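S.K.: Please find final.tsv (TSV, C-alpha atoms) on the next line:
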```tsv
chain	number	residue	atom	x	y	z
A	234	MET	CA	0.00	0.00	0.00
A	235	SER	CA	1.36	3.43	-0.91
A	236	GLU	CA	1.98	6.09	1.73
A	237	ARG	CA	-0.99	8.11	0.42
A	238	ALA	CA	-3.25	5.05	0.52
A	239	THR	CA	-2.14	4.40	4.09
A	240	LEU	CA	-2.99	7.99	5.05
A	241	ILE	CA	-6.40	7.79	3.37
A	242	GLN	CA	-7.10	4.54	5.24
A	243	ALA	CA	-6.07	6.19	8.53
A	244	LEU	CA	-8.46	9.06	7.85
A	245	ARG	CA	-11.23	6.59	7.00
A	246	GLU	CA	-10.67	4.68	10.27
A	247	PHE	CA	-10.37	7.75	12.49
A	248	PRO	CA	-14.06	8.06	13.51
A	249	ALA	CA	-14.10	4.45	14.75
A	250	LEU	CA	-10.95	5.01	16.82
A	251	LEU	CA	-12.40	8.17	18.34
A	252	THR	CA	-15.75	6.49	19.06
A	253	GLN	CA	-13.96	3.61	20.77
A	254	GLN	CA	-11.85	5.98	22.85
A	255	VAL	CA	-14.85	7.88	24.25
A	256	ALA	CA	-17.26	4.94	24.54
A	257	GLY	CA	-19.06	4.69	27.85
A	258	LEU	CA	-18.15	8.14	29.16
A	259	THR	CA	-20.89	10.04	30.95
A	260	PRO	CA	-21.90	13.60	30.02
A	261	ALA	CA	-20.22	14.76	33.25
A	262	GLN	CA	-16.97	13.01	32.31
A	263	LEU	CA	-17.14	14.47	28.81
A	264	THR	CA	-17.61	18.05	30.04
A	265	THR	CA	-15.38	18.19	33.13
A	266	PRO	CA	-12.09	20.04	32.52
A	267	TYR	CA	-9.82	17.41	34.09
A	268	ASN	CA	-6.80	18.75	32.22
A	269	ALA	CA	-7.49	22.51	32.26
A	270	PRO	CA	-6.71	24.69	30.39
A	271	GLU	CA	-6.95	21.99	27.70
A	272	TRP	CA	-10.37	21.43	26.17
A	273	THR	CA	-12.75	18.91	27.66
A	274	ILE	CA	-13.29	15.64	25.82
A	275	ALA	CA	-16.63	16.94	24.52
A	276	GLN	CA	-14.98	20.10	23.18
A	277	ASN	CA	-12.35	17.96	21.43
A	278	VAL	CA	-14.97	15.76	19.78
A	279	HIS	CA	-17.12	18.70	18.68
A	280	HIS	CA	-14.00	20.52	17.45
A	281	LEU	CA	-12.99	17.52	15.37
A	282	ALA	CA	-16.37	17.60	13.61
A	283	ASP	CA	-16.07	21.37	13.01
A	284	SER	CA	-12.47	21.21	11.86
A	285	HIS	CA	-12.86	18.22	9.60
A	286	MET	CA	-16.00	19.70	7.99
A	287	ASN	CA	-13.95	22.80	7.20
A	288	SER	CA	-11.14	20.71	5.80
A	289	TYR	CA	-13.51	18.64	3.64
A	290	ILE	CA	-14.88	21.86	2.15
A	291	ARG	CA	-11.34	23.20	1.63
A	292	PHE	CA	-10.37	19.94	-0.02
A	293	LYS	CA	-13.33	20.07	-2.37
A	294	LEU	CA	-12.72	23.75	-3.22
A	295	ILE	CA	-9.11	23.00	-4.10
A	296	GLN	CA	-10.12	20.01	-6.20
A	297	HIS	CA	-12.67	22.01	-8.22
A	298	GLU	CA	-11.37	25.60	-8.33
A	299	ALA	CA	-8.13	27.17	-9.45
A	300	HIS	CA	-6.09	28.06	-6.34
A	301	PRO	CA	-9.05	29.20	-4.18
A	302	THR	CA	-8.69	31.32	-1.07
A	303	LEU	CA	-9.65	29.21	1.94
A	304	LYS	CA	-11.54	30.80	4.81
A	305	PRO	CA	-10.01	30.46	8.28
A	306	TYR	CA	-12.14	30.32	11.44
A	307	GLN	CA	-11.55	31.00	15.11
A	308	GLN	CA	-11.38	27.50	16.58
A	309	GLU	CA	-11.18	28.74	20.19
A	310	ASP	CA	-14.45	30.65	19.74
A	311	TRP	CA	-16.09	27.68	18.03
A	312	ALA	CA	-14.94	25.35	20.85
A	313	ALA	CA	-16.48	27.67	23.45
A	314	SER	CA	-19.89	27.87	21.77
A	315	PRO	CA	-22.81	26.21	23.58
A	316	GLU	CA	-23.25	23.24	21.24
A	317	ALA	CA	-19.50	22.58	21.35
A	318	THR	CA	-19.48	22.28	25.14
A	319	ASP	CA	-22.53	19.97	25.25
A	320	GLY	CA	-21.97	16.51	26.71
A	321	ASP	CA	-24.01	14.88	23.95
A	322	ILE	CA	-21.28	14.05	21.46
A	323	THR	CA	-23.39	11.62	19.43
A	324	PRO	CA	-24.20	14.19	16.70
A	325	ALA	CA	-20.52	15.09	16.30
A	326	LEU	CA	-19.53	11.41	16.07
A	327	ASP	CA	-22.30	10.86	13.51
A	328	ILE	CA	-21.00	13.80	11.47
A	329	LEU	CA	-17.46	12.43	11.59
A	330	ARG	CA	-18.53	8.95	10.47
A	331	GLY	CA	-20.43	10.24	7.46
A	332	LEU	CA	-17.96	12.98	6.67
A	333	HIS	CA	-14.91	10.72	6.71
A	334	THR	CA	-16.64	8.24	4.42
A	335	ARG	CA	-17.48	10.98	1.92
A	336	TRP	CA	-14.09	12.66	2.31
A	337	THR	CA	-12.05	9.52	1.74
A	338	ASN	CA	-14.30	8.50	-1.16
A	339	LEU	CA	-13.64	11.94	-2.67
A	340	MET	CA	-9.91	11.38	-2.19
A	341	LEU	CA	-10.10	8.23	-4.29
A	342	THR	CA	-11.13	10.42	-7.26
A	343	VAL	CA	-8.20	12.85	-7.07
A	344	THR	CA	-6.00	12.86	-10.13
A	345	ASP	CA	-3.72	15.78	-9.17
A	346	TRP	CA	-2.66	15.83	-5.53
A	347	SER	CA	-0.51	18.92	-6.12
A	348	ARG	CA	-3.57	21.14	-6.65
A	349	SER	CA	-3.42	24.01	-4.20
A	350	GLY	CA	-5.29	26.77	-2.47
A	351	TYR	CA	-4.31	29.80	-0.45
A	352	HIS	CA	-4.92	29.89	3.30
A	353	PRO	CA	-4.44	33.37	4.83
A	354	GLU	CA	-2.71	31.93	7.92
A	355	TYR	CA	-0.68	29.10	6.33
A	356	GLY	CA	-0.03	30.25	2.77
A	357	THR	CA	-0.28	27.75	-0.07
A	358	VAL	CA	-1.69	24.35	0.86
A	359	THR	CA	-2.00	21.30	-1.39
A	360	LEU	CA	-4.34	18.34	-1.36
A	361	ASP	CA	-1.41	16.15	-0.30
A	362	GLY	CA	-0.64	18.58	2.50
A	363	LEU	CA	-4.26	18.63	3.71
A	364	LEU	CA	-4.36	14.84	3.80
A	365	THR	CA	-1.21	14.61	5.91
A	366	SER	CA	-2.25	17.52	8.10
A	367	TYR	CA	-5.64	16.08	8.97
A	368	VAL	CA	-4.38	12.59	9.67
A	369	ASN	CA	-1.92	14.25	12.08
A	370	HIS	CA	-4.70	16.48	13.43
A	371	GLY	CA	-6.85	13.49	14.31
A	372	GLN	CA	-3.93	11.69	15.96
A	373	ALA	CA	-3.04	14.78	18.00
A	374	HIS	CA	-6.59	15.02	19.34
A	375	LEU	CA	-6.68	11.32	20.19
A	376	LYS	CA	-3.55	11.99	22.29
A	377	GLN	CA	-5.12	15.10	23.82
A	378	ILE	CA	-8.25	13.13	24.75
A	379	GLN	CA	-6.09	10.36	26.21
A	380	ALA	CA	-4.30	12.96	28.36
A	381	VAL	CA	-7.69	14.04	29.72
A	382	LEU	CA	-8.68	10.41	30.33
A	383	ASP	CA	-5.39	9.86	32.19
A	384	LYS	CA	-6.25	12.77	34.55
A	385	MET	CA	-9.79	11.52	35.14
A	386	PRO	CA	-10.36	10.00	38.59
A	387	ARG	CA	-11.01	6.26	38.45
```
When written as structure tokens, how does the structure in this file appear?
M.R.:
Amino acid sequence: MSERATLIQALREFPALLTQQVAGLTPAQLTTPYNAPEWTIAQNVHHLADSHMNSYIRFKLIQHEAHPTLKPYQQEDWAASPEATDGDITPALDILRGLHTRWTNLMLTVTDWSRSGYHPEYGTVTLDGLLTSYVNHGQAHLKQIQAVLDKMPR
């Protein structure tokens, strides 16, 4: 399997890994800041849905437009919004499952991974770069959630 195929497979499997990691947690466990000032587990899960939706849209824009400008967003503000602090993470996990299926299916149609867009904070980004970045993003948040779980009283 090529490196790109391995990354696409990792992105496809991410929602299942996340779901497994947070399975059985109560709303109180999901929303308690055990590792302050880091986000709660719920904020991490909701953020992953927000962030990966944005990346899917960026990916699709780059695939279909000539060097589009990609809109940034204030992730700290989004993570503090009421629905992002809610202990019911089921909708976010549902979004991630469907989104990652569509996103990785879209990736299987890419013929030019060097296509690029312009991000005001990061400069030029390519489809290859987005793939790598979001596999790493998911892994970083799994580690962040694990750090919260490790601080949680047993």
S.K.: Which of these residues is nearest to Lys304 of chain A, using all atoms listed in the file: A:Ile290, A:Leu250, A:Ala317, A:Leu332?
M.R.: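 Closest candidate: A:Ile290.
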S.K.: Pick from A:Asn277, A:Ser366, A:Thr344, A:Gln254: nearest to Ala325 of chain A, with all atoms listed in the file counted?
M.R.: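 Of the candidates, the smallest distance to Ala325 of chain A is held by A:Asn277.
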S.K.: Rounded to one decimal in Å, what is the spacing between atom CA of Ala269 of chain A and atom CA of Gly371 of chain A?
M.R.: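 So the answer is 20.1 Å.
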S.K.: Smallest atom-to-atom distance to Leu363 of chain A: which of A:Ala313, A:Val255, A:Met340, A:Leu281, using all atoms listed in the file?
M.R.: A:Met340
S.K.: Looking at A:Ile322, A:Leu244, A:Leu375, A:Leu258, which one is nearest to Ala275 of chain A, with distances taken over only C-alpha atoms?
M.R.: A:Ile322
S.K.: Using all atoms listed in the file, which residues sit within 10 Å of Met286 of chain A once same-chain residues fewer than 2 positions away are excluded, as number ranges by chain?
M.R.: A: 280-284, 288-292, 328-329, 332-333, 336
S.K.: Between A:Ala373, A:Val278, A:Ala238, A:Val381, which one has atoms that come closest to Thr323 of chain A, using all atoms listed in the file?
M.R.: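 Among the listed residues, A:Val278 lies closest to Thr323 of chain A.
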